[in-house]
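Engineer: Below is the structure I would like to discuss, written out as structure tokens.
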Amino acid sequence: MSKQLKQLGDDIWKNQVEKINSELFTLTYGSVVAQLCKDLDNNYDQVNNELYKMGYNIGVRLIDEFLQKTQLSRCTNMHETAEVVSKIGFKIFLNITPTVSHWTADNKSFGLILVENPLADFVELPNTEARKKLWYSNVLCGVLKGCLEMVQLDCDVSFLQDSLKGDENTEIRVKLNKILKDEIPAGEE
Amino acid sequence: MSEKTKIDSPLPSLPKKLDSEDSNESALKSNGISTESNNSSINEGRTVENASTMSNISKIGNVQSRRTSSVASSRHSSSRSRSIVSRSSTGRQTARKSEIIEDEEEIFGGQVNACCLDFLLNELVPLSMRVGSQIHKNENNINEMMKNLELTGRDSQEALDLLKQDKVFSPGRTDYLADDKAMTDASVLNRIEQIGFEVGYKITDCIVYWKQMSEKMEIKLTDTLEIMKFICRDVWKVIYRKQMDNLRTNHIGTFILIDNGFRPLLHFQTSGGDKDTAKKAEPFLRFPCGLIRGILKSLGIDSVVKATVNEDKVPSISFSVQTNLEEKE
């Protein structure tokens, strides 16, 4: 199963995706974060929050692109979801494959370890409050949250550690709260 | 008026004028988050080298060849296998040759899905509006906290915040486009343009470098017309994956760049008809305006850039660029 997914992810990346240079993307994201820090007066909690919201907005749209490209059907359990997120989701958008690890015993929570992170290439955080508080790539959490919510999985997504802060790894934690019911949007009966 | 002052204001996160290499390094380190674009892994030598490139660039104006060569040498010494010798002018020829044969990954860096960038750029407008209201709220909060200090508990304040929050944050929706006040708020628009400016200011080096590497020839950006062609052809291709459709000039410093199918607005439509669509498209045009201004600035040209929708027909956009600012005064 896992092999098939990897194959699918690679195929889509190779044949169906319009690609751009990652440096351009890195630079643009960096400018956005820098501008945010400046505007919000280095209030990093607010910066994190804004990045998260931005990610969420992206996520709810990005899922369409994902489903259209992959034509995948529903996952049967969280383990499958985790594999799809890592081997296809991250692969076809950022061309990276995070490692899925640290499952909790109830099989509801897992970690994604990012060995490379295109958002944070060439980035160094100054050794001030920023290093303690800022989750530089927080947009990723928002994106995951938005995407998963659109496929009826209500999850908490947050960074556990970030190598930019001097941690050993960069790890995103995904925790399933509940599976949402399919509902007709309000006002469209 | 406001645009002119913007141009004059120093760029906050880049060292503008630097004297020695020592100060370069400290300036770069102190400017908060610095996203640098280089091909190699991070090492100390690169930081210094990159900074010296920047200082070279900020000094230019007429020494074009010196700039391009400094770009090449900086890139070069940033690649892992190189020694410091390549920076000297005699070593430049051999340096360039050996660079070309390095594999593409090394030269061009990795790749990501183009729609990542599209999504990101698309979010700039709502982000900027949210930040605008957040700043406003921060100011208000202080005032209200003073007021509410004795009178009410925290609960009502929090409830109020939540209410405001909900209004501003409506994920996956386009409600924000109906907010006329925020849509025309100068600070909101300037924030978007500022991000464009920063990207433009920093990306010029990279684009020149990529082009030189892929076409194996030196490109010369010696006069304004050449630079405009560079923007129309190369910059647009890198960022929007298409070229500009038309470039016009009156030969005294004003240029009109026309893109009949501006990518980010290709499927942009509102229910209010063409006029309404054109009006609501405006904030989305501030990023490319800033981008063009940033690129020109990094090549030593001050400019004023305005974008208009051609005959209210989105996505046909014309950018008017004025570059002869000083001669006019």
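For the structure tokens, the naming scheme is as follows: chains receive sequential letters (A, B, ...) according to their order of presentation, residues are indexed from 1 within each chain, and ligands are indexed from 1 in presentation order.
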Which chain A residues are at most 7 Å from chain B (counting only C-alpha atoms), as an MDAnalysis selection string?
Structural biologist: chainID A and resid 17:23 25 27:28 30:32 34:35 40 54 56:58 60:61 92:95 122:126
Engineer: Could you find all residues in region 155-301 of chain B that DSSP calls strand (DSSP E) from the backbone, and write them as a ChimeraX atom specification?
Structural biologist: /B:246-249,254-259
Engineer: Go ahead and dump the residues you just picked, C-alpha atoms, as a PDB file, in the first residue's frame.
Structural biologist:
```
ATOM      1  CA  ASN B 246       3.317  44.116 -25.038  1.00  0.00           C
ATOM      2  CA  LEU B 247       5.845  46.757 -24.094  1.00  0.00           C
ATOM      3  CA  ARG B 248       5.524  50.371 -25.106  1.00  0.00           C
ATOM      4  CA  THR B 249       7.631  53.377 -24.325  1.00  0.00           C
ATOM      5  CA  THR B 254       7.706  56.085 -19.287  1.00  0.00           C
ATOM      6  CA  PHE B 255       6.940  52.491 -20.088  1.00  0.00           C
ATOM      7  CA  ILE B 256       3.670  50.668 -20.469  1.00  0.00           C
ATOM      8  CA  LEU B 257       3.800  46.936 -19.881  1.00  0.00           C
ATOM      9  CA  ILE B 258       0.715  45.084 -20.981  1.00  0.00           C
ATOM     10  CA  ASP B 259      -0.329  41.625 -19.912  1.00  0.00           C
TER      11      ASP B 259
END
```
Engineer: Among chain A, which ones does DSSP assign to alpha helix (DSSP H) (computed from the backbone)? Answer as a ChimeraX atom specification.
Structural biologist: /A:2-15,22-39,44-70,78-84,91-94,129-133,139-150
Engineer: In Å, rounded to a single decimal, give me how far CA of Met78 (chain A) is from CA of Lys108 (chain A).
Structural biologist: 6.6 Å
Engineer: What does the distance from CA of Asp312 (chain B) to CA of Asp276 (chain B) come to in Å, to one decimal?
Structural biologist: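 Computing it gives 8.5 Å between the two atoms.
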Engineer: Excluding Val85 (chain A) and residues on its chain fewer than 3 positions from it, collect all residues at most 12 Å away from it, counting only C-alpha atoms, and give them as a ChimeraX atom specification.
Structural biologist: /A:2,5-6,9,63,66-67,70,72,75,78-82,88-94,96-100,110-112,140,143-145,147-148,172,174
